[in-house]
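Enquirer: Below is structure-v2.cif; it holds mmCIF, C-alpha atoms.
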data_input
loop_
_atom_site.group_PDB
_atom_site.id
_atom_site.type_symbol
_atom_site.label_atom_id
_atom_site.label_comp_id
_atom_site.auth_asym_id
_atom_site.auth_seq_id
_atom_site.Cartn_x
_atom_site.Cartn_y
_atom_site.Cartn_z
ATOM 1 C CA MET C 435 88.098 0.048 -113.989
ATOM 2 C CA THR C 436 89.971 2.126 -116.563
ATOM 3 C CA GLU C 437 92.574 4.491 -115.153
ATOM 4 C CA PRO C 438 91.709 8.173 -115.704
ATOM 5 C CA ILE C 439 93.803 9.848 -118.363
ATOM 6 C CA LEU C 440 93.703 13.056 -116.316
ATOM 7 C CA SER C 441 93.191 13.251 -112.562
ATOM 8 C CA ILE C 442 92.822 16.629 -110.836
ATOM 9 C CA LYS C 443 93.201 16.651 -107.043
ATOM 10 C CA ASN C 444 92.489 19.667 -104.811
ATOM 11 C CA LEU C 445 93.465 22.251 -107.458
ATOM 12 C CA GLN C 446 93.706 25.782 -106.063
ATOM 13 C CA THR C 447 94.373 28.860 -108.179
ATOM 14 C CA GLN C 448 94.555 32.347 -106.725
ATOM 15 C CA PHE C 449 95.043 35.835 -108.126
ATOM 16 C CA HIS C 450 96.676 38.396 -105.849
ATOM 17 C CA THR C 451 95.226 41.875 -106.420
ATOM 18 C CA THR C 452 95.403 45.218 -104.632
ATOM 19 C CA ASP C 453 91.942 44.503 -103.176
ATOM 20 C CA GLY C 454 92.761 41.040 -101.906
ATOM 21 C CA VAL C 455 93.142 37.413 -102.967
ATOM 22 C CA VAL C 456 90.746 36.066 -105.617
ATOM 23 C CA ARG C 457 90.258 32.322 -105.121
ATOM 24 C CA ALA C 458 89.299 31.581 -108.722
ATOM 25 C CA VAL C 459 89.617 27.800 -108.331
ATOM 26 C CA ASP C 460 89.133 26.672 -104.751
ATOM 27 C CA GLY C 461 90.108 23.052 -104.172
ATOM 28 C CA ILE C 462 88.422 21.109 -106.979
ATOM 29 C CA SER C 463 88.959 17.437 -107.851
ATOM 30 C CA PHE C 464 87.751 15.351 -110.789
ATOM 31 C CA ASP C 465 88.812 12.618 -113.223
ATOM 32 C CA LEU C 466 88.652 12.467 -117.021
ATOM 33 C CA ASP C 467 88.408 8.943 -118.436
ATOM 34 C CA PRO C 468 89.903 7.923 -121.811
ATOM 35 C CA GLY C 469 87.574 8.293 -124.798
ATOM 36 C CA THR C 470 84.810 10.006 -122.803
ATOM 37 C CA THR C 471 83.395 13.529 -122.749
ATOM 38 C CA LEU C 472 83.208 15.436 -119.477
ATOM 39 C CA GLY C 473 81.103 18.600 -119.285
ATOM 40 C CA ILE C 474 82.066 21.478 -116.990
ATOM 41 C CA VAL C 475 79.224 23.992 -116.667
ATOM 42 C CA GLY C 476 78.464 27.141 -114.733
ATOM 43 C CA GLU C 477 78.035 30.884 -115.085
ATOM 44 C CA SER C 478 80.774 33.179 -116.390
ATOM 45 C CA GLY C 479 83.426 33.694 -113.741
ATOM 46 C CA CYS C 480 82.871 30.400 -111.900
ATOM 47 C CA GLY C 481 86.376 29.106 -112.681
ATOM 48 C CA LYS C 482 85.748 26.800 -115.653
ATOM 49 C CA SER C 483 88.420 28.201 -117.975
ATOM 50 C CA VAL C 484 90.879 28.996 -115.169
ATOM 51 C CA THR C 485 90.813 25.288 -114.292
ATOM 52 C CA HIS C 486 92.335 24.074 -117.559
ATOM 53 C CA MET C 487 94.581 27.126 -117.901
ATOM 54 C CA SER C 488 96.000 26.314 -114.457
ATOM 55 C CA PHE C 489 97.137 22.764 -115.158
ATOM 56 C CA LEU C 490 98.403 23.731 -118.625
ATOM 57 C CA GLY C 491 100.591 26.480 -117.210
ATOM 58 C CA LEU C 492 98.739 29.294 -118.971
ATOM 59 C CA ILE C 493 98.052 31.393 -115.859
ATOM 60 C CA PRO C 494 100.247 34.528 -115.723
ATOM 61 C CA GLN C 495 102.356 34.362 -112.573
ATOM 62 C CA PRO C 496 102.133 36.943 -111.027
ATOM 63 C CA PRO C 497 99.370 37.926 -110.383
ATOM 64 C CA GLY C 498 98.208 34.305 -110.574
ATOM 65 C CA LYS C 499 99.472 31.510 -108.361
ATOM 66 C CA ILE C 500 98.820 27.776 -108.226
ATOM 67 C CA ALA C 501 98.387 27.537 -104.462
ATOM 68 C CA GLY C 502 98.002 23.756 -104.263
ATOM 69 C CA GLY C 503 96.878 20.517 -105.834
ATOM 70 C CA GLU C 504 98.044 18.201 -108.573
ATOM 71 C CA ALA C 505 97.087 17.295 -112.135
ATOM 72 C CA MET C 506 98.225 13.777 -113.018
ATOM 73 C CA PHE C 507 98.466 13.081 -116.748
ATOM 74 C CA LYS C 508 99.828 9.692 -117.783
ATOM 75 C CA GLY C 509 101.669 9.371 -114.482
ATOM 76 C CA ARG C 510 103.179 12.873 -114.548
ATOM 77 C CA ASN C 511 102.121 15.865 -112.462
ATOM 78 C CA LEU C 512 101.531 18.873 -114.713
ATOM 79 C CA ILE C 513 101.536 21.236 -111.720
ATOM 80 C CA GLY C 514 105.082 22.454 -111.150
ATOM 81 C CA MET C 515 106.389 20.736 -114.282
ATOM 82 C CA ALA C 516 109.259 22.528 -116.037
ATOM 83 C CA LYS C 517 108.066 24.908 -118.751
ATOM 84 C CA SER C 518 110.120 23.122 -121.389
ATOM 85 C CA GLU C 519 108.427 19.810 -120.570
ATOM 86 C CA LEU C 520 104.974 21.380 -120.424
ATOM 87 C CA ARG C 521 105.464 22.903 -123.884
ATOM 88 C CA LYS C 522 106.000 19.376 -125.248
ATOM 89 C CA ILE C 523 102.549 18.396 -123.923
ATOM 90 C CA ARG C 524 100.523 21.531 -124.783
ATOM 91 C CA GLY C 525 99.205 21.367 -128.339
ATOM 92 C CA ASN C 526 100.619 17.878 -128.714
ATOM 93 C CA GLU C 527 99.143 15.472 -126.134
ATOM 94 C CA ILE C 528 96.656 17.981 -124.704
ATOM 95 C CA ALA C 529 95.112 20.462 -127.143
ATOM 96 C CA VAL C 530 92.715 23.355 -126.577
ATOM 97 C CA ILE C 531 89.975 24.852 -128.747
ATOM 98 C CA PHE C 532 89.684 28.369 -127.328
ATOM 99 C CA GLN C 533 86.352 30.152 -127.154
ATOM 100 C CA ASP C 534 87.075 33.010 -129.558
ATOM 101 C CA PRO C 535 88.731 31.851 -132.802
ATOM 102 C CA MET C 536 89.039 35.414 -134.094
ATOM 103 C CA THR C 537 91.416 36.373 -131.270
ATOM 104 C CA SER C 538 93.024 32.924 -130.997
ATOM 105 C CA LEU C 539 94.144 32.964 -134.628
ATOM 106 C CA ASN C 540 96.917 35.381 -135.585
ATOM 107 C CA PRO C 541 95.362 37.866 -138.063
ATOM 108 C CA PHE C 542 98.756 38.551 -139.673
ATOM 109 C CA LEU C 543 99.573 34.949 -140.561
ATOM 110 C CA LYS C 544 98.008 32.709 -143.169
ATOM 111 C CA ILE C 545 96.180 29.633 -141.951
ATOM 112 C CA SER C 546 98.902 27.502 -143.545
ATOM 113 C CA ARG C 547 101.596 28.857 -141.224
ATOM 114 C CA GLN C 548 99.447 28.567 -138.118
ATOM 115 C CA MET C 549 98.449 24.977 -138.868
ATOM 116 C CA THR C 550 101.887 23.673 -139.835
ATOM 117 C CA GLU C 551 103.809 25.126 -136.876
ATOM 118 C CA GLY C 552 102.658 22.532 -134.340
ATOM 119 C CA LEU C 553 103.314 19.631 -136.699
ATOM 120 C CA GLU C 554 106.840 20.859 -137.397
ATOM 121 C CA ILE C 555 107.642 21.481 -133.710
ATOM 122 C CA HIS C 556 105.980 18.482 -132.050
ATOM 123 C CA LYS C 557 106.061 15.834 -134.784
ATOM 124 C CA GLY C 558 109.194 16.839 -136.726
ATOM 125 C CA PHE C 559 107.353 17.113 -140.054
ATOM 126 C CA SER C 560 109.001 18.857 -142.982
ATOM 127 C CA HIS C 561 107.121 21.951 -144.142
ATOM 128 C CA LYS C 562 105.900 20.093 -147.230
ATOM 129 C CA ASP C 563 104.548 17.151 -145.238
ATOM 130 C CA ALA C 564 103.032 19.461 -142.615
ATOM 131 C CA LEU C 565 101.247 21.432 -145.321
ATOM 132 C CA ALA C 566 99.799 18.257 -146.842
ATOM 133 C CA LYS C 567 98.636 17.135 -143.394
ATOM 134 C CA ALA C 568 97.057 20.567 -142.765
ATOM 135 C CA VAL C 569 95.106 20.401 -146.023
ATOM 136 C CA ALA C 570 93.839 16.926 -145.101
ATOM 137 C CA LEU C 571 92.780 18.205 -141.656
ATOM 138 C CA LEU C 572 90.842 21.118 -143.161
ATOM 139 C CA ASP C 573 89.088 18.643 -145.425
ATOM 140 C CA SER C 574 88.250 16.407 -142.440
ATOM 141 C CA VAL C 575 86.497 19.274 -140.623
ATOM 142 C CA GLY C 576 84.383 20.131 -143.657
ATOM 143 C CA ILE C 577 86.094 23.180 -145.148
ATOM 144 C CA PRO C 578 85.508 23.240 -148.926
ATOM 145 C CA SER C 579 88.477 23.562 -151.313
ATOM 146 C CA PRO C 580 90.986 23.093 -148.480
ATOM 147 C CA ASP C 581 93.979 23.232 -150.826
ATOM 148 C CA LYS C 582 93.017 26.821 -151.682
ATOM 149 C CA ARG C 583 91.635 27.970 -148.322
ATOM 150 C CA ILE C 584 94.847 26.911 -146.568
ATOM 151 C CA ASN C 585 96.480 30.072 -147.974
ATOM 152 C CA ASP C 586 93.777 32.455 -146.701
ATOM 153 C CA TYR C 587 93.948 34.719 -143.665
ATOM 154 C CA PRO C 588 91.589 34.318 -140.666
ATOM 155 C CA HIS C 589 89.446 37.323 -141.636
ATOM 156 C CA GLN C 590 88.559 35.569 -144.901
ATOM 157 C CA PHE C 591 86.693 32.840 -142.984
ATOM 158 C CA SER C 592 83.262 33.045 -141.360
ATOM 159 C CA GLY C 593 82.893 32.490 -137.610
ATOM 160 C CA GLY C 594 81.879 28.865 -138.050
ATOM 161 C CA MET C 595 84.716 28.190 -140.504
ATOM 162 C CA ARG C 596 87.252 29.793 -138.146
ATOM 163 C CA GLN C 597 86.046 27.462 -135.403
ATOM 164 C CA ARG C 598 86.534 24.511 -137.752
ATOM 165 C CA VAL C 599 90.096 25.712 -138.407
ATOM 166 C CA MET C 600 90.686 25.820 -134.628
ATOM 167 C CA ILE C 601 89.388 22.255 -134.297
ATOM 168 C CA ALA C 602 91.651 21.104 -137.141
ATOM 169 C CA MET C 603 94.647 22.767 -135.473
ATOM 170 C CA ALA C 604 93.824 21.178 -132.126
ATOM 171 C CA LEU C 605 93.593 17.715 -133.698
ATOM 172 C CA SER C 606 96.705 18.066 -135.850
ATOM 173 C CA CYS C 607 99.019 16.223 -133.428
ATOM 174 C CA SER C 608 96.438 13.552 -132.485
ATOM 175 C CA PRO C 609 96.073 14.605 -128.820
ATOM 176 C CA SER C 610 94.905 12.274 -126.056
ATOM 177 C CA ILE C 611 92.821 15.084 -124.547
ATOM 178 C CA LEU C 612 90.892 17.793 -126.374
ATOM 179 C CA ILE C 613 89.712 20.727 -124.247
ATOM 180 C CA ALA C 614 86.847 22.580 -125.940
ATOM 181 C CA ASP C 615 86.436 25.911 -124.133
ATOM 182 C CA GLU C 616 83.062 27.392 -125.132
ATOM 183 C CA PRO C 617 83.462 26.037 -128.702
ATOM 184 C CA THR C 618 80.067 27.358 -129.841
ATOM 185 C CA THR C 619 80.245 30.900 -128.412
ATOM 186 C CA ALA C 620 78.976 33.600 -130.827
ATOM 187 C CA LEU C 621 77.796 30.992 -133.357
ATOM 188 C CA ASP C 622 74.184 30.711 -134.476
ATOM 189 C CA VAL C 623 72.306 27.571 -133.446
ATOM 190 C CA THR C 624 72.627 25.845 -136.824
ATOM 191 C CA ILE C 625 76.413 26.240 -136.851
ATOM 192 C CA GLN C 626 76.540 25.243 -133.170
ATOM 193 C CA ALA C 627 74.890 21.944 -134.005
ATOM 194 C CA GLN C 628 77.333 21.358 -136.870
ATOM 195 C CA ILE C 629 80.359 22.038 -134.639
ATOM 196 C CA LEU C 630 79.094 19.697 -131.899
ATOM 197 C CA ASP C 631 78.333 16.954 -134.441
ATOM 198 C CA LEU C 632 81.845 17.433 -135.831
ATOM 199 C CA LEU C 633 83.399 17.039 -132.377
ATOM 200 C CA LYS C 634 81.456 13.811 -131.774
ATOM 201 C CA LYS C 635 82.472 12.461 -135.184
ATOM 202 C CA LEU C 636 86.139 13.284 -134.685
ATOM 203 C CA GLN C 637 86.106 11.785 -131.188
ATOM 204 C CA SER C 638 84.733 8.510 -132.521
ATOM 205 C CA GLU C 639 87.532 8.472 -135.119
ATOM 206 C CA THR C 640 90.434 9.489 -132.855
ATOM 207 C CA GLY C 641 89.378 8.161 -129.442
ATOM 208 C CA ALA C 642 90.374 11.412 -127.726
ATOM 209 C CA ALA C 643 88.908 12.323 -124.348
ATOM 210 C CA ILE C 644 87.064 15.656 -124.449
ATOM 211 C CA MET C 645 86.644 18.225 -121.701
ATOM 212 C CA LEU C 646 83.714 20.391 -122.815
ATOM 213 C CA ILE C 647 83.577 23.734 -120.979
ATOM 214 C CA THR C 648 80.402 25.774 -121.409
ATOM 215 C CA HIS C 649 77.741 27.847 -119.672
ATOM 216 C CA ASP C 650 75.100 26.290 -121.941
ATOM 217 C CA LEU C 651 73.456 23.190 -120.465
ATOM 218 C CA GLY C 652 71.828 22.494 -123.808
ATOM 219 C CA VAL C 653 75.275 21.954 -125.330
ATOM 220 C CA VAL C 654 76.336 19.299 -122.805
ATOM 221 C CA ALA C 655 73.003 17.448 -122.869
ATOM 222 C CA GLY C 656 73.759 15.392 -125.959
ATOM 223 C CA MET C 657 77.568 15.490 -125.815
ATOM 224 C CA THR C 658 78.708 14.251 -122.419
ATOM 225 C CA GLU C 659 78.693 11.166 -120.213
ATOM 226 C CA LYS C 660 79.405 13.070 -116.989
ATOM 227 C CA ILE C 661 78.901 16.659 -115.835
ATOM 228 C CA ILE C 662 80.558 18.852 -113.231
ATOM 229 C CA VAL C 663 78.670 21.952 -112.075
ATOM 230 C CA MET C 664 80.881 24.776 -110.778
ATOM 231 C CA TYR C 665 79.950 27.829 -108.753
ATOM 232 C CA ALA C 666 82.305 30.495 -107.364
ATOM 233 C CA GLY C 667 85.436 28.411 -107.908
ATOM 234 C CA LYS C 668 84.064 25.196 -106.379
ATOM 235 C CA ILE C 669 82.347 22.053 -107.630
ATOM 236 C CA VAL C 670 78.802 21.958 -106.255
ATOM 237 C CA GLU C 671 77.556 18.836 -108.050
ATOM 238 C CA LYS C 672 78.931 15.850 -109.993
ATOM 239 C CA ALA C 673 76.758 13.324 -111.802
ATOM 240 C CA ASP C 674 76.318 11.344 -114.970
ATOM 241 C CA THR C 675 74.490 13.411 -117.567
ATOM 242 C CA SER C 676 71.151 11.610 -117.585
ATOM 243 C CA SER C 677 70.896 11.650 -113.758
ATOM 244 C CA LEU C 678 71.732 15.334 -113.513
ATOM 245 C CA PHE C 679 69.112 16.359 -116.056
ATOM 246 C CA SER C 680 66.406 14.095 -114.674
ATOM 247 C CA ARG C 681 67.123 14.730 -110.987
ATOM 248 C CA PRO C 682 69.290 17.736 -110.059
ATOM 249 C CA LEU C 683 70.304 17.715 -106.381
ATOM 250 C CA HIS C 684 71.922 21.109 -105.846
ATOM 251 C CA PRO C 685 69.720 24.245 -105.816
ATOM 252 C CA TYR C 686 72.085 25.924 -108.286
ATOM 253 C CA THR C 687 71.828 23.037 -110.761
ATOM 254 C CA PHE C 688 68.065 22.988 -110.240
ATOM 255 C CA ALA C 689 67.895 26.738 -110.980
ATOM 256 C CA LEU C 690 70.083 26.442 -114.086
ATOM 257 C CA LEU C 691 67.854 23.727 -115.530
ATOM 258 C CA LYS C 692 64.697 25.602 -114.588
ATOM 259 C CA SER C 693 65.941 28.678 -116.454
ATOM 260 C CA LEU C 694 66.208 26.794 -119.764
ATOM 261 C CA PRO C 695 63.410 27.426 -122.296
ATOM 262 C CA ARG C 696 61.198 24.346 -122.732
ATOM 263 C CA LEU C 697 59.252 23.281 -125.794
ATOM 264 C CA ASP C 698 56.573 21.703 -123.573
ATOM 265 C CA ALA C 699 56.117 24.825 -121.410
ATOM 266 C CA ARG C 700 52.642 26.250 -121.004
ATOM 267 C CA GLU C 701 51.781 29.231 -123.187
ATOM 268 C CA LYS C 702 52.880 32.584 -121.703
ATOM 269 C CA GLU C 703 54.723 30.863 -118.859
ATOM 270 C CA LYS C 704 57.393 33.251 -117.588
ATOM 271 C CA LEU C 705 60.983 32.058 -117.993
ATOM 272 C CA TYR C 706 62.669 31.497 -114.635
ATOM 273 C CA SER C 707 65.737 33.578 -113.757
ATOM 274 C CA ILE C 708 68.257 33.156 -110.942
ATOM 275 C CA ALA C 709 68.118 36.187 -108.666
ATOM 276 C CA GLY C 710 71.224 38.208 -107.860
ATOM 277 C CA LEU C 711 74.791 37.796 -109.073
ATOM 278 C CA PRO C 712 77.687 35.405 -108.391
ATOM 279 C CA PRO C 713 79.651 36.408 -105.271
ATOM 280 C CA ASP C 714 82.739 38.577 -105.097
ATOM 281 C CA LEU C 715 85.504 35.970 -104.872
ATOM 282 C CA ILE C 716 87.544 38.251 -102.611
ATOM 283 C CA HIS C 717 84.716 38.676 -100.082
ATOM 284 C CA ASN C 718 82.734 35.429 -100.215
ATOM 285 C CA PRO C 719 79.560 35.130 -98.115
ATOM 286 C CA LYS C 720 79.796 33.106 -94.929
ATOM 287 C CA GLY C 721 78.594 29.538 -95.253
ATOM 288 C CA CYS C 722 77.483 28.253 -98.662
ATOM 289 C CA LYS C 723 78.554 30.619 -101.432
ATOM 290 C CA PHE C 724 75.191 30.203 -103.157
ATOM 291 C CA ASN C 725 73.109 31.144 -100.111
ATOM 292 C CA PRO C 726 72.300 34.775 -101.169
ATOM 293 C CA ARG C 727 70.600 33.436 -104.327
ATOM 294 C CA CYS C 728 69.208 30.150 -103.033
ATOM 295 C CA ALA C 729 65.456 29.644 -102.684
ATOM 296 C CA PHE C 730 65.994 26.708 -100.257
ATOM 297 C CA ALA C 731 68.607 28.209 -97.879
ATOM 298 C CA THR C 732 68.119 27.732 -94.119
ATOM 299 C CA GLY C 733 70.088 28.733 -91.022
ATOM 300 C CA LYS C 734 72.973 26.272 -91.424
ATOM 301 C CA CYS C 735 73.514 27.406 -95.033
ATOM 302 C CA PHE C 736 74.504 30.860 -93.736
ATOM 303 C CA GLU C 737 76.905 29.529 -91.098
ATOM 304 C CA GLU C 738 78.830 26.562 -92.472
ATOM 305 C CA GLU C 739 80.083 25.731 -95.973
ATOM 306 C CA PRO C 740 79.049 22.237 -97.130
ATOM 307 C CA GLU C 741 81.586 19.699 -98.402
ATOM 308 C CA LEU C 742 81.174 17.805 -101.662
ATOM 309 C CA VAL C 743 79.905 14.428 -100.453
ATOM 310 C CA GLU C 744 78.707 11.224 -102.120
ATOM 311 C CA VAL C 745 74.924 10.833 -101.992
ATOM 312 C CA GLY C 746 74.568 7.916 -104.402
ATOM 313 C CA PRO C 747 76.465 5.882 -106.999
ATOM 314 C CA GLY C 748 78.488 8.359 -109.044
ATOM 315 C CA ARG C 749 76.697 11.337 -107.473
ATOM 316 C CA ARG C 750 78.219 14.028 -105.308
ATOM 317 C CA VAL C 751 76.696 17.266 -104.076
ATOM 318 C CA ALA C 752 77.792 20.131 -101.808
ATOM 319 C CA CYS C 753 74.567 21.208 -100.108
ATOM 320 C CA TRP C 754 72.920 21.035 -96.679
ATOM 321 C CA ILE C 755 69.413 20.821 -98.174
ATOM 322 C CA ASP C 756 67.659 17.855 -99.752
ATOM 323 C CA ILE C 757 65.650 19.812 -102.322
ATOM 324 C CA GLU C 758 63.529 16.758 -103.137
ATOM 325 C CA LYS C 759 62.291 16.525 -99.548
ATOM 326 C CA GLY C 760 62.487 20.225 -98.740
ATOM 327 C CA GLY C 761 64.550 19.707 -95.583
ATOM 328 C CA ALA C 762 68.039 19.095 -94.250
ATOM 329 C CA ARG C 763 70.069 16.388 -95.960
#
Show this structure as structure tokens.

Expert:
Amino acid sequence: MTEPILSIKNLQTQFHTTDGVVRAVDGISFDLDPGTTLGIVGESGCGKSVTHMSFLGLIPQPPGKIAGGEAMFKGRNLIGMAKSELRKIRGNEIAVIFQDPMTSLNPFLKISRQMTEGLEIHKGFSHKDALAKAVALLDSVGIPSPDKRINDYPHQFSGGMRQRVMIAMALSCSPSILIADEPTTALDVTIQAQILDLLKKLQSETGAAIMLITHDLGVVAGMTEKIIVMYAGKIVEKADTSSLFSRPLHPYTFALLKSLPRLDAREKEKLYSIAGLPPDLIHNPKGCKFNPRCAFATGKCFEEEPELVEVGPGRRVACWIDIEKGGAR
């Protein structure tokens, strides 16, 4: 078995507010294997982005606090690591494509400056060599006339082209891990497909492991080997991609898949929607956090929170109900 390149164990991230403690990430564990793509899915506010921001030291403290856990990367624990050491890893060995390239790129700086900075800091390139590398990277992500566009400002690029610039920046130092946080947000479906194809192509060329964070199950369907489903700061289901899509075991996963539009649906069939809203993370419901919205919930679901347990090879689920049999697990 190949050793995971990143291993998260019992990660807990809290935000202390005047109303109480928000448990944004509540004891999650998972592994990312070299050269693979792991999907992390769930509704907005479930803790997907806070997860990677926690182990990369991007959570403002206060009000945030890493309350426990570890994140082992190449034998080193990123949690509690000195800021100076963590800066050597961020953008170099672990890179992030943030979900909004318009706000992630500095509007006052040319693309050339933003792309060469990491190469000069992490790799010791001269400005001339860094600029040549940046032009080559823009060309590799499909930006036409890269030698000219390198001197443009972010507002002179379309949304899809800005996302390509972000991908080029993330890949500039040849990272071992690429975290793509909602990389297709606000892009039309044609550009989405191009960006996802580009990520797959670049992964095959570089061998980087990818952590793909999204609320869109359609995005992870053709991109990932394994999927983690998060709800209210916890992992509710883990599975390989094909198993999860063919046989969801958690009611939340089942509901997410059921709410996707289908090409083979009967004419005028009403699209399914999940009732209610995600819980207030300060005042969580007793028992399973999904119970107010769950169509399968029974008495035990309202009294005791289920643990994430193994129910088959490579499959884990946190639920008291066997939705296939309609009864207790």

Enquirer: With the file shown as input, list the residues that the PyMOL selection byres ((chain C and resi 652) around 12) selects, as a ChimeraX atom specification.

Expert: /C:473,475,618,623,626-627,630,648-651,653-658,675,679,690-691,693-696

Enquirer: Mind telling me what the PyMOL selection byres ((chain C and resi 482-486) around 9) catches here, as a PDB file with C-alpha atoms, keeping the file's coordinate frame?

Expert:
ATOM      1  CA  LEU C 445      93.465  22.251-107.458  1.00  0.00           C
ATOM      2  CA  GLN C 446      93.706  25.782-106.063  1.00  0.00           C
ATOM      3  CA  THR C 447      94.373  28.860-108.179  1.00  0.00           C
ATOM      4  CA  ALA C 458      89.299  31.581-108.722  1.00  0.00           C
ATOM      5  CA  VAL C 459      89.617  27.800-108.331  1.00  0.00           C
ATOM      6  CA  ILE C 462      88.422  21.109-106.979  1.00  0.00           C
ATOM      7  CA  ILE C 474      82.066  21.478-116.990  1.00  0.00           C
ATOM      8  CA  VAL C 475      79.224  23.992-116.667  1.00  0.00           C
ATOM      9  CA  GLY C 476      78.464  27.141-114.733  1.00  0.00           C
ATOM     10  CA  GLU C 477      78.035  30.884-115.085  1.00  0.00           C
ATOM     11  CA  SER C 478      80.774  33.179-116.390  1.00  0.00           C
ATOM     12  CA  GLY C 479      83.426  33.694-113.741  1.00  0.00           C
ATOM     13  CA  CYS C 480      82.871  30.400-111.900  1.00  0.00           C
ATOM     14  CA  GLY C 481      86.376  29.106-112.681  1.00  0.00           C
ATOM     15  CA  MET C 487      94.581  27.126-117.901  1.00  0.00           C
ATOM     16  CA  SER C 488      96.000  26.314-114.457  1.00  0.00           C
ATOM     17  CA  PHE C 489      97.137  22.764-115.158  1.00  0.00           C
ATOM     18  CA  LEU C 490      98.403  23.731-118.625  1.00  0.00           C
ATOM     19  CA  GLY C 491     100.591  26.480-117.210  1.00  0.00           C
ATOM     20  CA  LEU C 492      98.739  29.294-118.971  1.00  0.00           C
ATOM     21  CA  ILE C 493      98.052  31.393-115.859  1.00  0.00           C
ATOM     22  CA  ILE C 613      89.712  20.727-124.247  1.00  0.00           C
ATOM     23  CA  ASP C 615      86.436  25.911-124.133  1.00  0.00           C
ATOM     24  CA  GLU C 616      83.062  27.392-125.132  1.00  0.00           C
ATOM     25  CA  ILE C 647      83.577  23.734-120.979  1.00  0.00           C
ATOM     26  CA  THR C 648      80.402  25.774-121.409  1.00  0.00           C
ATOM     27  CA  MET C 664      80.881  24.776-110.778  1.00  0.00           C
ATOM     28  CA  GLY C 667      85.436  28.411-107.908  1.00  0.00           C
TER      29      GLY C 667
END

Enquirer: What gap, in Å, lies between atom CA of C:Phe591 and atom CA of C:Ile577?

Expert: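 Value for the atom CA of C:Phe591-atom CA of C:Ile577 distance: 9.9 Å.
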
Enquirer: Give as a PDB file with C-alpha atoms, in the coordinates of the input the residues that the PyMOL selection byres ((chain C and resi 597) around 9) matches when applied to the coordinates above.

Expert:
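That gives us part-v9.pdb:
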ATOM      1  CA  ILE C 531      89.975  24.852-128.747  1.00  0.00           C
ATOM      2  CA  PHE C 532      89.684  28.369-127.328  1.00  0.00           C
ATOM      3  CA  GLN C 533      86.352  30.152-127.154  1.00  0.00           C
ATOM      4  CA  ASP C 534      87.075  33.010-129.558  1.00  0.00           C
ATOM      5  CA  PRO C 535      88.731  31.851-132.802  1.00  0.00           C
ATOM      6  CA  MET C 536      89.039  35.414-134.094  1.00  0.00           C
ATOM      7  CA  SER C 592      83.262  33.045-141.360  1.00  0.00           C
ATOM      8  CA  GLY C 593      82.893  32.490-137.610  1.00  0.00           C
ATOM      9  CA  GLY C 594      81.879  28.865-138.050  1.00  0.00           C
ATOM     10  CA  MET C 595      84.716  28.190-140.504  1.00  0.00           C
ATOM     11  CA  ARG C 596      87.252  29.793-138.146  1.00  0.00           C
ATOM     12  CA  ARG C 598      86.534  24.511-137.752  1.00  0.00           C
ATOM     13  CA  VAL C 599      90.096  25.712-138.407  1.00  0.00           C
ATOM     14  CA  MET C 600      90.686  25.820-134.628  1.00  0.00           C
ATOM     15  CA  ILE C 601      89.388  22.255-134.297  1.00  0.00           C
ATOM     16  CA  ALA C 602      91.651  21.104-137.141  1.00  0.00           C
ATOM     17  CA  PRO C 617      83.462  26.037-128.702  1.00  0.00           C
ATOM     18  CA  THR C 618      80.067  27.358-129.841  1.00  0.00           C
ATOM     19  CA  ILE C 629      80.359  22.038-134.639  1.00  0.00           C
TER      20      ILE C 629
END

Enquirer: Would you mind reading off the distance between atom CA of C:Gly721 and atom CA of C:Lys443, one decimal, in Å?

Expert: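 According to the coordinates, atom CA of C:Gly721 and atom CA of C:Lys443 are separated by 22.8 Å.
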
Enquirer: As JSON, please: the centre and edge lengths in Å, to one decimal, of an axis-aligned box enclosing every listed atom of stretch 674-680 of chain C with 8 Å added on each side.

Expert:
{"center_x": 71.4, "center_y": 13.9, "center_z": -115.5, "size_x": 25.9, "size_y": 21.0, "size_z": 20.1}

Enquirer: For C:Lys704, which residue out of C:Arg749, C:Asn444, C:Glu744, C:Lys692 is the nearest one, using all atoms listed in the file?

Expert: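 Checking each of C:Arg749, C:Asn444, C:Glu744, C:Lys692 against C:Lys704, counting all atoms listed in the file, the winner is C:Lys692.
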
Enquirer: Counting only C-alpha atoms, which residues sit no farther than 12 Å from the position (96.4, 18.4, -132.6) in the file's frame? I'd like them as a ChimeraX atom specification.

Expert: /C:523-531,548-557,567-568,571,599-613,636,640,642

Enquirer: Go through C:Val575, C:Leu683, C:Ile662, C:Leu678 one by one, measure the shortest atom-to-atom distance of each to C:Lys634 using only C-alpha atoms, and give the residue with the smallest value.

Expert: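 Among the listed residues, C:Val575 lies closest to C:Lys634.
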
Enquirer: Would you please work out which residue, of C:Ser546, C:Thr537, C:Ser707, C:Ser579, is nearest to C:Asp563 when using all atoms listed in the file?

Expert: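 Nearest candidate to C:Asp563 out of C:Ser546, C:Thr537, C:Ser707, C:Ser579: C:Ser546.
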
Enquirer: Give as a ChimeraX atom specification each residue that has an atom at most 8 Å from (89.7, 8.9, -123.9) in the file, counting all atoms listed in the file.

Expert: /C:439,466-471,610-611,641-644

Enquirer: Quick one: residues within 10 Å of C:Gly498, only C-alpha atoms counted, chain neighbours fewer than 2 positions away excluded, as a ChimeraX atom specification?

Expert: /C:447-451,455-458,488,492-496,500-501

Enquirer: Just give me the gap between atom CA of C:Glu741 and atom CA of C:Asp453 in Å, one decimal is fine.

Expert: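 Distance reported for this atom pair: 27.3 Å.
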
Enquirer: I'd like to know which of C:Glu739, C:Glu659, C:Asp622, C:Asp465 is closest to C:Pro438, using all atoms listed in the file.

Expert: C:Asp465
